[in-house]
$ cat my_file-v3.pdb   # PDB, N, CA and C atoms, pLDDT in the B column
ATOM      1  N   MET A   1      15.707  -9.968   6.400  1.00 85.00           N
ATOM      2  CA  MET A   1      15.465  -8.688   5.763  1.00 85.00           C
ATOM      3  C   MET A   1      13.960  -8.461   5.629  1.00 85.00           C
ATOM      4  N   LEU A   2      13.524  -7.268   5.959  1.00 93.00           N
ATOM      5  CA  LEU A   2      12.110  -6.929   5.880  1.00 93.00           C
ATOM      6  C   LEU A   2      11.679  -6.723   4.431  1.00 93.00           C
ATOM      7  N   LYS A   3      10.478  -7.192   4.124  1.00 95.00           N
ATOM      8  CA  LYS A   3       9.874  -6.856   2.836  1.00 95.00           C
ATOM      9  C   LYS A   3       9.367  -5.429   2.937  1.00 95.00           C
ATOM     10  N   ARG A   4       9.357  -4.740   1.810  1.00 97.00           N
ATOM     11  CA  ARG A   4       8.967  -3.329   1.813  1.00 97.00           C
ATOM     12  C   ARG A   4       7.681  -3.140   1.017  1.00 97.00           C
ATOM     13  N   LEU A   5       6.731  -2.482   1.659  1.00 98.00           N
ATOM     14  CA  LEU A   5       5.482  -2.108   1.015  1.00 98.00           C
ATOM     15  C   LEU A   5       5.418  -0.590   0.945  1.00 98.00           C
ATOM     16  N   GLU A   6       4.782  -0.094  -0.101  1.00 98.00           N
ATOM     17  CA  GLU A   6       4.564   1.342  -0.220  1.00 98.00           C
ATOM     18  C   GLU A   6       3.072   1.584  -0.392  1.00 98.00           C
ATOM     19  N   LEU A   7       2.558   2.534   0.371  1.00 98.00           N
ATOM     20  CA  LEU A   7       1.182   2.961   0.196  1.00 98.00           C
ATOM     21  C   LEU A   7       1.211   4.267  -0.584  1.00 98.00           C
ATOM     22  N   MET A   8       0.716   4.201  -1.816  1.00 98.00           N
ATOM     23  CA  MET A   8       0.628   5.394  -2.641  1.00 98.00           C
ATOM     24  C   MET A   8      -0.517   6.243  -2.097  1.00 98.00           C
ATOM     25  N   THR A   9      -0.216   7.498  -1.797  1.00 98.00           N
ATOM     26  CA  THR A   9      -1.154   8.371  -1.112  1.00 98.00           C
ATOM     27  C   THR A   9      -0.864   9.816  -1.479  1.00 98.00           C
ATOM     28  N   THR A  10      -1.617  10.727  -0.926  1.00 97.00           N
ATOM     29  CA  THR A  10      -1.321  12.147  -1.010  1.00 97.00           C
ATOM     30  C   THR A  10      -2.072  12.860   0.108  1.00 97.00           C
ATOM     31  N   GLU A  11      -1.639  14.062   0.398  1.00 96.00           N
ATOM     32  CA  GLU A  11      -2.258  14.834   1.467  1.00 96.00           C
ATOM     33  C   GLU A  11      -3.729  15.101   1.156  1.00 96.00           C
ATOM     34  N   GLY A  12      -4.566  14.946   2.161  1.00 96.00           N
ATOM     35  CA  GLY A  12      -5.986  15.217   2.006  1.00 96.00           C
ATOM     36  C   GLY A  12      -6.791  14.082   1.407  1.00 96.00           C
ATOM     37  N   CYS A  13      -6.189  12.936   1.238  1.00 97.00           N
ATOM     38  CA  CYS A  13      -6.882  11.778   0.666  1.00 97.00           C
ATOM     39  C   CYS A  13      -7.653  11.070   1.781  1.00 97.00           C
ATOM     40  N   HIS A  14      -8.977  11.253   1.811  1.00 97.00           N
ATOM     41  CA  HIS A  14      -9.767  10.649   2.889  1.00 97.00           C
ATOM     42  C   HIS A  14      -9.815   9.129   2.794  1.00 97.00           C
ATOM     43  N   LEU A  15      -9.717   8.569   1.597  1.00 98.00           N
ATOM     44  CA  LEU A  15      -9.673   7.112   1.467  1.00 98.00           C
ATOM     45  C   LEU A  15      -8.349   6.569   2.008  1.00 98.00           C
ATOM     46  N   CYS A  16      -7.284   7.317   1.791  1.00 97.00           N
ATOM     47  CA  CYS A  16      -5.977   6.927   2.328  1.00 97.00           C
ATOM     48  C   CYS A  16      -6.026   6.919   3.854  1.00 97.00           C
ATOM     49  N   ASP A  17      -6.726   7.900   4.410  1.00 97.00           N
ATOM     50  CA  ASP A  17      -6.881   7.959   5.864  1.00 97.00           C
ATOM     51  C   ASP A  17      -7.605   6.726   6.398  1.00 97.00           C
ATOM     52  N   ARG A  18      -8.438   6.122   5.577  1.00 97.00           N
ATOM     53  CA  ARG A  18      -9.134   4.898   5.989  1.00 97.00           C
ATOM     54  C   ARG A  18      -8.246   3.663   5.810  1.00 97.00           C
ATOM     55  N   ALA A  19      -7.318   3.707   4.865  1.00 98.00           N
ATOM     56  CA  ALA A  19      -6.446   2.567   4.596  1.00 98.00           C
ATOM     57  C   ALA A  19      -5.355   2.411   5.658  1.00 98.00           C
ATOM     58  N   VAL A  20      -4.837   3.516   6.155  1.00 97.00           N
ATOM     59  CA  VAL A  20      -3.706   3.469   7.089  1.00 97.00           C
ATOM     60  C   VAL A  20      -4.010   2.632   8.336  1.00 97.00           C
ATOM     61  N   PRO A  21      -5.151   2.805   8.999  1.00 98.00           N
ATOM     62  CA  PRO A  21      -5.419   1.968  10.177  1.00 98.00           C
ATOM     63  C   PRO A  21      -5.480   0.474   9.852  1.00 98.00           C
ATOM     64  N   LEU A  22      -5.947   0.115   8.666  1.00 98.00           N
ATOM     65  CA  LEU A  22      -5.949  -1.289   8.258  1.00 98.00           C
ATOM     66  C   LEU A  22      -4.521  -1.824   8.183  1.00 98.00           C
ATOM     67  N   LEU A  23      -3.610  -0.996   7.663  1.00 98.00           N
ATOM     68  CA  LEU A  23      -2.213  -1.410   7.566  1.00 98.00           C
ATOM     69  C   LEU A  23      -1.581  -1.531   8.946  1.00 98.00           C
ATOM     70  N   VAL A  24      -1.892  -0.596   9.819  1.00 97.00           N
ATOM     71  CA  VAL A  24      -1.351  -0.633  11.183  1.00 97.00           C
ATOM     72  C   VAL A  24      -1.781  -1.927  11.877  1.00 97.00           C
ATOM     73  N   GLU A  25      -3.031  -2.305  11.700  1.00 97.00           N
ATOM     74  CA  GLU A  25      -3.559  -3.518  12.335  1.00 97.00           C
ATOM     75  C   GLU A  25      -3.135  -4.798  11.629  1.00 97.00           C
ATOM     76  N   GLY A  26      -3.033  -4.743  10.296  1.00 97.00           N
ATOM     77  CA  GLY A  26      -2.889  -5.971   9.526  1.00 97.00           C
ATOM     78  C   GLY A  26      -1.512  -6.319   9.019  1.00 97.00           C
ATOM     79  N   VAL A  27      -0.540  -5.440   9.191  1.00 97.00           N
ATOM     80  CA  VAL A  27       0.809  -5.697   8.679  1.00 97.00           C
ATOM     81  C   VAL A  27       1.764  -5.858   9.851  1.00 97.00           C
ATOM     82  N   ASP A  28       2.452  -6.983   9.880  1.00 97.00           N
ATOM     83  CA  ASP A  28       3.395  -7.295  10.957  1.00 97.00           C
ATOM     84  C   ASP A  28       4.688  -6.498  10.761  1.00 97.00           C
ATOM     85  N   PRO A  29       4.993  -5.563  11.676  1.00 96.00           N
ATOM     86  CA  PRO A  29       6.206  -4.749  11.519  1.00 96.00           C
ATOM     87  C   PRO A  29       7.500  -5.548  11.668  1.00 96.00           C
ATOM     88  N   ALA A  30       7.407  -6.768  12.155  1.00 96.00           N
ATOM     89  CA  ALA A  30       8.594  -7.615  12.234  1.00 96.00           C
ATOM     90  C   ALA A  30       8.933  -8.228  10.877  1.00 96.00           C
ATOM     91  N   ARG A  31       7.954  -8.205   9.953  1.00 95.00           N
ATOM     92  CA  ARG A  31       8.168  -8.803   8.630  1.00 95.00           C
ATOM     93  C   ARG A  31       8.120  -7.794   7.487  1.00 95.00           C
ATOM     94  N   PHE A  32       7.476  -6.645   7.733  1.00 97.00           N
ATOM     95  CA  PHE A  32       7.272  -5.667   6.670  1.00 97.00           C
ATOM     96  C   PHE A  32       7.580  -4.256   7.144  1.00 97.00           C
ATOM     97  N   GLU A  33       8.152  -3.493   6.237  1.00 97.00           N
ATOM     98  CA  GLU A  33       8.294  -2.046   6.413  1.00 97.00           C
ATOM     99  C   GLU A  33       7.280  -1.416   5.471  1.00 97.00           C
ATOM    100  N   VAL A  34       6.489  -0.481   5.970  1.00 97.00           N
ATOM    101  CA  VAL A  34       5.492   0.193   5.139  1.00 97.00           C
ATOM    102  C   VAL A  34       5.839   1.672   5.069  1.00 97.00           C
ATOM    103  N   ASP A  35       6.021   2.161   3.859  1.00 98.00           N
ATOM    104  CA  ASP A  35       6.311   3.573   3.631  1.00 98.00           C
ATOM    105  C   ASP A  35       5.119   4.224   2.953  1.00 98.00           C
ATOM    106  N   LEU A  36       4.792   5.428   3.387  1.00 98.00           N
ATOM    107  CA  LEU A  36       3.776   6.222   2.713  1.00 98.00           C
ATOM    108  C   LEU A  36       4.480   7.053   1.648  1.00 98.00           C
ATOM    109  N   VAL A  37       4.009   6.960   0.414  1.00 98.00           N
ATOM    110  CA  VAL A  37       4.618   7.675  -0.700  1.00 98.00           C
ATOM    111  C   VAL A  37       3.620   8.705  -1.216  1.00 98.00           C
ATOM    112  N   ASP A  38       3.972   9.981  -1.083  1.00 98.00           N
ATOM    113  CA  ASP A  38       3.105  11.050  -1.566  1.00 98.00           C
ATOM    114  C   ASP A  38       3.333  11.215  -3.064  1.00 98.00           C
ATOM    115  N   ILE A  39       2.342  10.827  -3.838  1.00 98.00           N
ATOM    116  CA  ILE A  39       2.485  10.839  -5.293  1.00 98.00           C
ATOM    117  C   ILE A  39       2.525  12.249  -5.884  1.00 98.00           C
ATOM    118  N   ALA A  40       2.146  13.252  -5.118  1.00 97.00           N
ATOM    119  CA  ALA A  40       2.071  14.624  -5.619  1.00 97.00           C
ATOM    120  C   ALA A  40       3.430  15.177  -6.043  1.00 97.00           C
ATOM    121  N   PHE A  41       4.505  14.573  -5.584  1.00 96.00           N
ATOM    122  CA  PHE A  41       5.838  15.088  -5.866  1.00 96.00           C
ATOM    123  C   PHE A  41       6.539  14.365  -7.009  1.00 96.00           C
ATOM    124  N   ASP A  42       5.819  13.478  -7.703  1.00 97.00           N
ATOM    125  CA  ASP A  42       6.429  12.691  -8.772  1.00 97.00           C
ATOM    126  C   ASP A  42       5.421  12.571  -9.918  1.00 97.00           C
ATOM    127  N   ASP A  43       5.740  13.154 -11.063  1.00 98.00           N
ATOM    128  CA  ASP A  43       4.814  13.152 -12.195  1.00 98.00           C
ATOM    129  C   ASP A  43       4.442  11.746 -12.658  1.00 98.00           C
ATOM    130  N   GLU A  44       5.413  10.836 -12.670  1.00 97.00           N
ATOM    131  CA  GLU A  44       5.127   9.464 -13.100  1.00 97.00           C
ATOM    132  C   GLU A  44       4.155   8.781 -12.142  1.00 97.00           C
ATOM    133  N   LEU A  45       4.369   8.969 -10.842  1.00 98.00           N
ATOM    134  CA  LEU A  45       3.456   8.386  -9.871  1.00 98.00           C
ATOM    135  C   LEU A  45       2.073   9.006  -9.982  1.00 98.00           C
ATOM    136  N   MET A  46       2.012  10.306 -10.233  1.00 97.00           N
ATOM    137  CA  MET A  46       0.715  10.968 -10.430  1.00 97.00           C
ATOM    138  C   MET A  46      -0.013  10.364 -11.624  1.00 97.00           C
ATOM    139  N   ASP A  47       0.715  10.180 -12.716  1.00 97.00           N
ATOM    140  CA  ASP A  47       0.097   9.604 -13.914  1.00 97.00           C
ATOM    141  C   ASP A  47      -0.452   8.203 -13.638  1.00 97.00           C
ATOM    142  N   GLU A  48       0.291   7.423 -12.884  1.00 97.00           N
ATOM    143  CA  GLU A  48      -0.103   6.032 -12.645  1.00 97.00           C
ATOM    144  C   GLU A  48      -1.174   5.875 -11.569  1.00 97.00           C
ATOM    145  N   TYR A  49      -1.103   6.678 -10.491  1.00 97.00           N
ATOM    146  CA  TYR A  49      -1.938   6.403  -9.323  1.00 97.00           C
ATOM    147  C   TYR A  49      -2.976   7.471  -8.968  1.00 97.00           C
ATOM    148  N   ALA A  50      -2.982   8.606  -9.637  1.00 96.00           N
ATOM    149  CA  ALA A  50      -3.818   9.729  -9.203  1.00 96.00           C
ATOM    150  C   ALA A  50      -5.288   9.372  -9.033  1.00 96.00           C
ATOM    151  N   THR A  51      -5.815   8.541  -9.898  1.00 96.00           N
ATOM    152  CA  THR A  51      -7.239   8.190  -9.815  1.00 96.00           C
ATOM    153  C   THR A  51      -7.472   6.873  -9.085  1.00 96.00           C
ATOM    154  N   ARG A  52      -6.393   6.285  -8.542  1.00 96.00           N
ATOM    155  CA  ARG A  52      -6.514   4.959  -7.925  1.00 96.00           C
ATOM    156  C   ARG A  52      -6.194   4.937  -6.435  1.00 96.00           C
ATOM    157  N   ILE A  53      -5.576   5.992  -5.896  1.00 98.00           N
ATOM    158  CA  ILE A  53      -5.101   5.939  -4.510  1.00 98.00           C
ATOM    159  C   ILE A  53      -6.259   5.766  -3.534  1.00 98.00           C
ATOM    160  N   PRO A  54      -5.962   5.100  -2.428  1.00 98.00           N
ATOM    161  CA  PRO A  54      -4.688   4.510  -2.036  1.00 98.00           C
ATOM    162  C   PRO A  54      -4.432   3.178  -2.744  1.00 98.00           C
ATOM    163  N   VAL A  55      -3.172   2.941  -3.042  1.00 98.00           N
ATOM    164  CA  VAL A  55      -2.727   1.692  -3.656  1.00 98.00           C
ATOM    165  C   VAL A  55      -1.551   1.175  -2.837  1.00 98.00           C
ATOM    166  N   LEU A  56      -1.632  -0.086  -2.428  1.00 98.00           N
ATOM    167  CA  LEU A  56      -0.546  -0.727  -1.692  1.00 98.00           C
ATOM    168  C   LEU A  56       0.296  -1.517  -2.680  1.00 98.00           C
ATOM    169  N   VAL A  57       1.615  -1.264  -2.667  1.00 98.00           N
ATOM    170  CA  VAL A  57       2.524  -1.875  -3.636  1.00 98.00           C
ATOM    171  C   VAL A  57       3.628  -2.622  -2.900  1.00 98.00           C
ATOM    172  N   ASP A  58       3.864  -3.873  -3.319  1.00 98.00           N
ATOM    173  CA  ASP A  58       5.021  -4.627  -2.840  1.00 98.00           C
ATOM    174  C   ASP A  58       6.187  -4.248  -3.743  1.00 98.00           C
ATOM    175  N   THR A  59       7.230  -3.653  -3.174  1.00 97.00           N
ATOM    176  CA  THR A  59       8.324  -3.134  -4.001  1.00 97.00           C
ATOM    177  C   THR A  59       9.142  -4.241  -4.664  1.00 97.00           C
ATOM    178  N   SER A  60       9.135  -5.443  -4.124  1.00 96.00           N
ATOM    179  CA  SER A  60       9.898  -6.542  -4.723  1.00 96.00           C
ATOM    180  C   SER A  60       9.205  -7.126  -5.944  1.00 96.00           C
ATOM    181  N   SER A  61       7.973  -7.536  -5.764  1.00 96.00           N
ATOM    182  CA  SER A  61       7.247  -8.208  -6.843  1.00 96.00           C
ATOM    183  C   SER A  61       6.494  -7.239  -7.745  1.00 96.00           C
ATOM    184  N   LYS A  62       6.307  -6.013  -7.274  1.00 96.00           N
ATOM    185  CA  LYS A  62       5.516  -4.989  -7.970  1.00 96.00           C
ATOM    186  C   LYS A  62       4.024  -5.320  -7.996  1.00 96.00           C
ATOM    187  N   LEU A  63       3.609  -6.330  -7.229  1.00 97.00           N
ATOM    188  CA  LEU A  63       2.188  -6.598  -7.085  1.00 97.00           C
ATOM    189  C   LEU A  63       1.558  -5.440  -6.334  1.00 97.00           C
ATOM    190  N   SER A  64       0.319  -5.134  -6.679  1.00 98.00           N
ATOM    191  CA  SER A  64      -0.348  -4.031  -6.008  1.00 98.00           C
ATOM    192  C   SER A  64      -1.797  -4.392  -5.709  1.00 98.00           C
ATOM    193  N   MET A  65      -2.351  -3.636  -4.772  1.00 98.00           N
ATOM    194  CA  MET A  65      -3.744  -3.804  -4.390  1.00 98.00           C
ATOM    195  C   MET A  65      -4.366  -2.421  -4.284  1.00 98.00           C
ATOM    196  N   ASP A  66      -5.401  -2.203  -5.091  1.00 98.00           N
ATOM    197  CA  ASP A  66      -6.086  -0.917  -5.106  1.00 98.00           C
ATOM    198  C   ASP A  66      -7.185  -0.885  -4.049  1.00 98.00           C
ATOM    199  N   TRP A  67      -7.495   0.298  -3.589  1.00 97.00           N
ATOM    200  CA  TRP A  67      -8.632   0.532  -2.719  1.00 97.00           C
ATOM    201  C   TRP A  67      -9.893   0.332  -3.547  1.00 97.00           C
ATOM    202  N   PRO A  68     -10.960  -0.197  -2.996  1.00 97.00           N
ATOM    203  CA  PRO A  68     -11.162  -0.510  -1.582  1.00 97.00           C
ATOM    204  C   PRO A  68     -10.676  -1.911  -1.245  1.00 97.00           C
ATOM    205  N   PHE A  69     -10.103  -2.037  -0.046  1.00 97.00           N
ATOM    206  CA  PHE A  69      -9.757  -3.347   0.490  1.00 97.00           C
ATOM    207  C   PHE A  69     -10.064  -3.349   1.970  1.00 97.00           C
ATOM    208  N   ASP A  70     -10.304  -4.555   2.478  1.00 98.00           N
ATOM    209  CA  ASP A  70     -10.601  -4.704   3.896  1.00 98.00           C
ATOM    210  C   ASP A  70      -9.508  -5.561   4.530  1.00 98.00           C
ATOM    211  N   ALA A  71      -9.663  -5.858   5.810  1.00 97.00           N
ATOM    212  CA  ALA A  71      -8.635  -6.605   6.545  1.00 97.00           C
ATOM    213  C   ALA A  71      -8.407  -7.984   5.936  1.00 97.00           C
ATOM    214  N   LYS A  72      -9.472  -8.643   5.508  1.00 98.00           N
ATOM    215  CA  LYS A  72      -9.334  -9.984   4.916  1.00 98.00           C
ATOM    216  C   LYS A  72      -8.582  -9.916   3.592  1.00 98.00           C
ATOM    217  N   GLN A  73      -8.910  -8.949   2.755  1.00 98.00           N
ATOM    218  CA  GLN A  73      -8.214  -8.798   1.477  1.00 98.00           C
ATOM    219  C   GLN A  73      -6.749  -8.417   1.684  1.00 98.00           C
ATOM    220  N   LEU A  74      -6.479  -7.601   2.692  1.00 98.00           N
ATOM    221  CA  LEU A  74      -5.100  -7.253   3.023  1.00 98.00           C
ATOM    222  C   LEU A  74      -4.325  -8.498   3.429  1.00 98.00           C
ATOM    223  N   ALA A  75      -4.926  -9.333   4.267  1.00 98.00           N
ATOM    224  CA  ALA A  75      -4.268 -10.575   4.697  1.00 98.00           C
ATOM    225  C   ALA A  75      -3.984 -11.478   3.498  1.00 98.00           C
ATOM    226  N   GLN A  76      -4.916 -11.563   2.567  1.00 98.00           N
ATOM    227  CA  GLN A  76      -4.709 -12.380   1.367  1.00 98.00           C
ATOM    228  C   GLN A  76      -3.589 -11.813   0.503  1.00 98.00           C
ATOM    229  N   PHE A  77      -3.531 -10.501   0.387  1.00 98.00           N
ATOM    230  CA  PHE A  77      -2.473  -9.856  -0.388  1.00 98.00           C
ATOM    231  C   PHE A  77      -1.111 -10.143   0.237  1.00 98.00           C
ATOM    232  N   ILE A  78      -1.022 -10.002   1.553  1.00 97.00           N
ATOM    233  CA  ILE A  78       0.239 -10.264   2.246  1.00 97.00           C
ATOM    234  C   ILE A  78       0.651 -11.715   2.079  1.00 97.00           C
ATOM    235  N   GLU A  79      -0.301 -12.615   2.192  1.00 96.00           N
ATOM    236  CA  GLU A  79      -0.005 -14.031   1.994  1.00 96.00           C
ATOM    237  C   GLU A  79       0.516 -14.287   0.582  1.00 96.00           C
ATOM    238  N   SER A  80      -0.073 -13.630  -0.407  1.00 96.00           N
ATOM    239  CA  SER A  80       0.356 -13.842  -1.794  1.00 96.00           C
ATOM    240  C   SER A  80       1.773 -13.313  -2.027  1.00 96.00           C
ATOM    241  N   ILE A  81       2.148 -12.204  -1.425  1.00 95.00           N
ATOM    242  CA  ILE A  81       3.508 -11.699  -1.650  1.00 95.00           C
ATOM    243  C   ILE A  81       4.537 -12.460  -0.823  1.00 95.00           C
ATOM    244  N   GLU A  82       4.122 -13.014   0.303  1.00 91.00           N
ATOM    245  CA  GLU A  82       5.063 -13.815   1.086  1.00 91.00           C
ATOM    246  C   GLU A  82       5.388 -15.136   0.420  1.00 91.00           C
ATOM    247  N   SER A  83       4.483 -15.632  -0.406  1.00 87.00           N
ATOM    248  CA  SER A  83       4.710 -16.913  -1.076  1.00 87.00           C
ATOM    249  C   SER A  83       5.553 -16.774  -2.343  1.00 87.00           C
ATOM    250  N   GLN A  84       5.919 -15.566  -2.687  1.00 82.00           N
ATOM    251  CA  GLN A  84       6.722 -15.307  -3.892  1.00 82.00           C
ATOM    252  C   GLN A  84       8.178 -15.627  -3.662  1.00 82.00           C
TER     253      GLN A  84
END
$ encode --input "my_file-v3.pdb" --output "C-alpha cells"
Amino acid sequence: MLKRLELMTTEGCHLCDRAVPLLVEGVDPARFEVDLVDIAFDDELMDEYATRIPVLVDTSSKLSMDWPFDAKQLAQFIESIESQ
C-alpha cells in the first residue's frame, strides 16, 4: 500500500510552484502518492496553513514539513516517515 502525502497549496502560490518540482524529483511514485490540496476551499485548512504554504503532510503520521525545504531536507523527511 502506498503512503499518502499531501502538499498544502493554493492557486497562484509561487512558493508552491517551486516545491512541486522537488516532489516530482524526490518522491518515489512506487512508494508514495502525492496529492495537491487547495486550502482555499476549506476554512480549517486556511486557518492552519494560509501563512505557511507550501506544507508537505504525511497523512498517516501527521508529520509535516514547512517551506522552505530542499531536496536533502525532503529526503530526510521521507526517511523519517518511512521509519514510522
$ resolve_selection --input "my_file-v3.pdb" --expression "the PyMOL selection byres ((chain A and resi 34) around 8)" --output "list in words"
Lys3, Arg4, Leu5, Glu6, Leu7, Asp28, Pro29, Arg31, Phe32, Glu33, Asp35, Leu36 and Val37 of chain A
$ write_last_selection --input "my_file-v3.pdb" --atoms "N, CA and C atoms" --output "mmCIF file, keeping the file's coordinate frame"
data_model
loop_
_atom_site.group_PDB
_atom_site.id
_atom_site.type_symbol
_atom_site.label_atom_id
_atom_site.label_comp_id
_atom_site.auth_asym_id
_atom_site.auth_seq_id
_atom_site.Cartn_x
_atom_site.Cartn_y
_atom_site.Cartn_z
ATOM 1 N N LYS A 3 10.478 -7.192 4.124
ATOM 2 C CA LYS A 3 9.874 -6.856 2.836
ATOM 3 C C LYS A 3 9.367 -5.429 2.937
ATOM 4 N N ARG A 4 9.357 -4.740 1.810
ATOM 5 C CA ARG A 4 8.967 -3.329 1.813
ATOM 6 C C ARG A 4 7.681 -3.140 1.017
ATOM 7 N N LEU A 5 6.731 -2.482 1.659
ATOM 8 C CA LEU A 5 5.482 -2.108 1.015
ATOM 9 C C LEU A 5 5.418 -0.590 0.945
ATOM 10 N N GLU A 6 4.782 -0.094 -0.101
ATOM 11 C CA GLU A 6 4.564 1.342 -0.220
ATOM 12 C C GLU A 6 3.072 1.584 -0.392
ATOM 13 N N LEU A 7 2.558 2.534 0.371
ATOM 14 C CA LEU A 7 1.182 2.961 0.196
ATOM 15 C C LEU A 7 1.211 4.267 -0.584
ATOM 16 N N ASP A 28 2.452 -6.983 9.880
ATOM 17 C CA ASP A 28 3.395 -7.295 10.957
ATOM 18 C C ASP A 28 4.688 -6.498 10.761
ATOM 19 N N PRO A 29 4.993 -5.563 11.676
ATOM 20 C CA PRO A 29 6.206 -4.749 11.519
ATOM 21 C C PRO A 29 7.500 -5.548 11.668
ATOM 22 N N ARG A 31 7.954 -8.205 9.953
ATOM 23 C CA ARG A 31 8.168 -8.803 8.630
ATOM 24 C C ARG A 31 8.120 -7.794 7.487
ATOM 25 N N PHE A 32 7.476 -6.645 7.733
ATOM 26 C CA PHE A 32 7.272 -5.667 6.670
ATOM 27 C C PHE A 32 7.580 -4.256 7.144
ATOM 28 N N GLU A 33 8.152 -3.493 6.237
ATOM 29 C CA GLU A 33 8.294 -2.046 6.413
ATOM 30 C C GLU A 33 7.280 -1.416 5.471
ATOM 31 N N ASP A 35 6.021 2.161 3.859
ATOM 32 C CA ASP A 35 6.311 3.573 3.631
ATOM 33 C C ASP A 35 5.119 4.224 2.953
ATOM 34 N N LEU A 36 4.792 5.428 3.387
ATOM 35 C CA LEU A 36 3.776 6.222 2.713
ATOM 36 C C LEU A 36 4.480 7.053 1.648
ATOM 37 N N VAL A 37 4.009 6.960 0.414
ATOM 38 C CA VAL A 37 4.618 7.675 -0.700
ATOM 39 C C VAL A 37 3.620 8.705 -1.216
#
$ resolve_selection --input "my_file-v3.pdb" --expression "the PyMOL selection byres (((chain A and resi 55 and name CA) around 9) and name CA)" --output "PDB file with N, CA and C atoms, keeping the file's coordinate frame"
ATOM      1  N   GLU A   6       4.782  -0.094  -0.101  1.00 98.00           N
ATOM      2  CA  GLU A   6       4.564   1.342  -0.220  1.00 98.00           C
ATOM      3  C   GLU A   6       3.072   1.584  -0.392  1.00 98.00           C
ATOM      4  N   LEU A   7       2.558   2.534   0.371  1.00 98.00           N
ATOM      5  CA  LEU A   7       1.182   2.961   0.196  1.00 98.00           C
ATOM      6  C   LEU A   7       1.211   4.267  -0.584  1.00 98.00           C
ATOM      7  N   MET A   8       0.716   4.201  -1.816  1.00 98.00           N
ATOM      8  CA  MET A   8       0.628   5.394  -2.641  1.00 98.00           C
ATOM      9  C   MET A   8      -0.517   6.243  -2.097  1.00 98.00           C
ATOM     10  N   THR A   9      -0.216   7.498  -1.797  1.00 98.00           N
ATOM     11  CA  THR A   9      -1.154   8.371  -1.112  1.00 98.00           C
ATOM     12  C   THR A   9      -0.864   9.816  -1.479  1.00 98.00           C
ATOM     13  N   CYS A  16      -7.284   7.317   1.791  1.00 97.00           N
ATOM     14  CA  CYS A  16      -5.977   6.927   2.328  1.00 97.00           C
ATOM     15  C   CYS A  16      -6.026   6.919   3.854  1.00 97.00           C
ATOM     16  N   TYR A  49      -1.103   6.678 -10.491  1.00 97.00           N
ATOM     17  CA  TYR A  49      -1.938   6.403  -9.323  1.00 97.00           C
ATOM     18  C   TYR A  49      -2.976   7.471  -8.968  1.00 97.00           C
ATOM     19  N   ARG A  52      -6.393   6.285  -8.542  1.00 96.00           N
ATOM     20  CA  ARG A  52      -6.514   4.959  -7.925  1.00 96.00           C
ATOM     21  C   ARG A  52      -6.194   4.937  -6.435  1.00 96.00           C
ATOM     22  N   ILE A  53      -5.576   5.992  -5.896  1.00 98.00           N
ATOM     23  CA  ILE A  53      -5.101   5.939  -4.510  1.00 98.00           C
ATOM     24  C   ILE A  53      -6.259   5.766  -3.534  1.00 98.00           C
ATOM     25  N   PRO A  54      -5.962   5.100  -2.428  1.00 98.00           N
ATOM     26  CA  PRO A  54      -4.688   4.510  -2.036  1.00 98.00           C
ATOM     27  C   PRO A  54      -4.432   3.178  -2.744  1.00 98.00           C
ATOM     28  N   LEU A  56      -1.632  -0.086  -2.428  1.00 98.00           N
ATOM     29  CA  LEU A  56      -0.546  -0.727  -1.692  1.00 98.00           C
ATOM     30  C   LEU A  56       0.296  -1.517  -2.680  1.00 98.00           C
ATOM     31  N   VAL A  57       1.615  -1.264  -2.667  1.00 98.00           N
ATOM     32  CA  VAL A  57       2.524  -1.875  -3.636  1.00 98.00           C
ATOM     33  C   VAL A  57       3.628  -2.622  -2.900  1.00 98.00           C
ATOM     34  N   SER A  64       0.319  -5.134  -6.679  1.00 98.00           N
ATOM     35  CA  SER A  64      -0.348  -4.031  -6.008  1.00 98.00           C
ATOM     36  C   SER A  64      -1.797  -4.392  -5.709  1.00 98.00           C
ATOM     37  N   MET A  65      -2.351  -3.636  -4.772  1.00 98.00           N
ATOM     38  CA  MET A  65      -3.744  -3.804  -4.390  1.00 98.00           C
ATOM     39  C   MET A  65      -4.366  -2.421  -4.284  1.00 98.00           C
ATOM     40  N   ASP A  66      -5.401  -2.203  -5.091  1.00 98.00           N
ATOM     41  CA  ASP A  66      -6.086  -0.917  -5.106  1.00 98.00           C
ATOM     42  C   ASP A  66      -7.185  -0.885  -4.049  1.00 98.00           C
ATOM     43  N   TRP A  67      -7.495   0.298  -3.589  1.00 97.00           N
ATOM     44  CA  TRP A  67      -8.632   0.532  -2.719  1.00 97.00           C
ATOM     45  C   TRP A  67      -9.893   0.332  -3.547  1.00 97.00           C
ATOM     46  N   PRO A  68     -10.960  -0.197  -2.996  1.00 97.00           N
ATOM     47  CA  PRO A  68     -11.162  -0.510  -1.582  1.00 97.00           C
ATOM     48  C   PRO A  68     -10.676  -1.911  -1.245  1.00 97.00           C
TER      49      PRO A  68
END
$ atom_distance --input "my_file-v3.pdb" --atom1 "atom C of A:Leu74" --atom2 "atom C of A:Glu25"
9.1 Å
$ select_by_dssp --input "my_file-v3.pdb" --residues "chain A" --states "strand (DSSP E)" --output "list in words"
Lys3, Arg4, Leu5, Glu6, Leu7, Met8, Thr9, Phe32, Glu33, Val34, Asp35, Leu36, Val37, Asp38, Val55, Leu56, Val57, Asp58, Ser64, Met65 and Asp66 of chain A
$ atom_distance --input "my_file-v3.pdb" --atom1 "atom N of A:Glu79" --atom2 "atom CA of A:Ala50"
25.3 Å
$ decode --input "my_file-v3.pdb" --residues "stretch 60-74 of chain A" --atoms "C-alpha atoms" --output "mmCIF file, in the first residue's frame"
data_model
loop_
_atom_site.group_PDB
_atom_site.id
_atom_site.type_symbol
_atom_site.label_atom_id
_atom_site.label_comp_id
_atom_site.auth_asym_id
_atom_site.auth_seq_id
_atom_site.Cartn_x
_atom_site.Cartn_y
_atom_site.Cartn_z
ATOM 1 C CA SER A 60 -0.611 8.665 8.373
ATOM 2 C CA SER A 61 1.683 10.167 10.977
ATOM 3 C CA LYS A 62 0.519 13.784 10.537
ATOM 4 C CA LEU A 63 4.172 14.829 10.413
ATOM 5 C CA SER A 64 4.663 17.891 8.277
ATOM 6 C CA MET A 65 7.419 19.906 6.681
ATOM 7 C CA ASP A 66 7.025 23.612 6.012
ATOM 8 C CA TRP A 67 8.634 25.551 3.197
ATOM 9 C CA PRO A 68 11.437 26.311 2.607
ATOM 10 C CA PHE A 69 12.876 22.860 2.027
ATOM 11 C CA ASP A 70 15.375 21.499 -0.435
ATOM 12 C CA ALA A 71 15.998 18.058 -1.940
ATOM 13 C CA LYS A 72 18.147 16.943 1.009
ATOM 14 C CA GLN A 73 15.551 18.013 3.580
ATOM 15 C CA LEU A 74 12.831 16.293 1.550
#
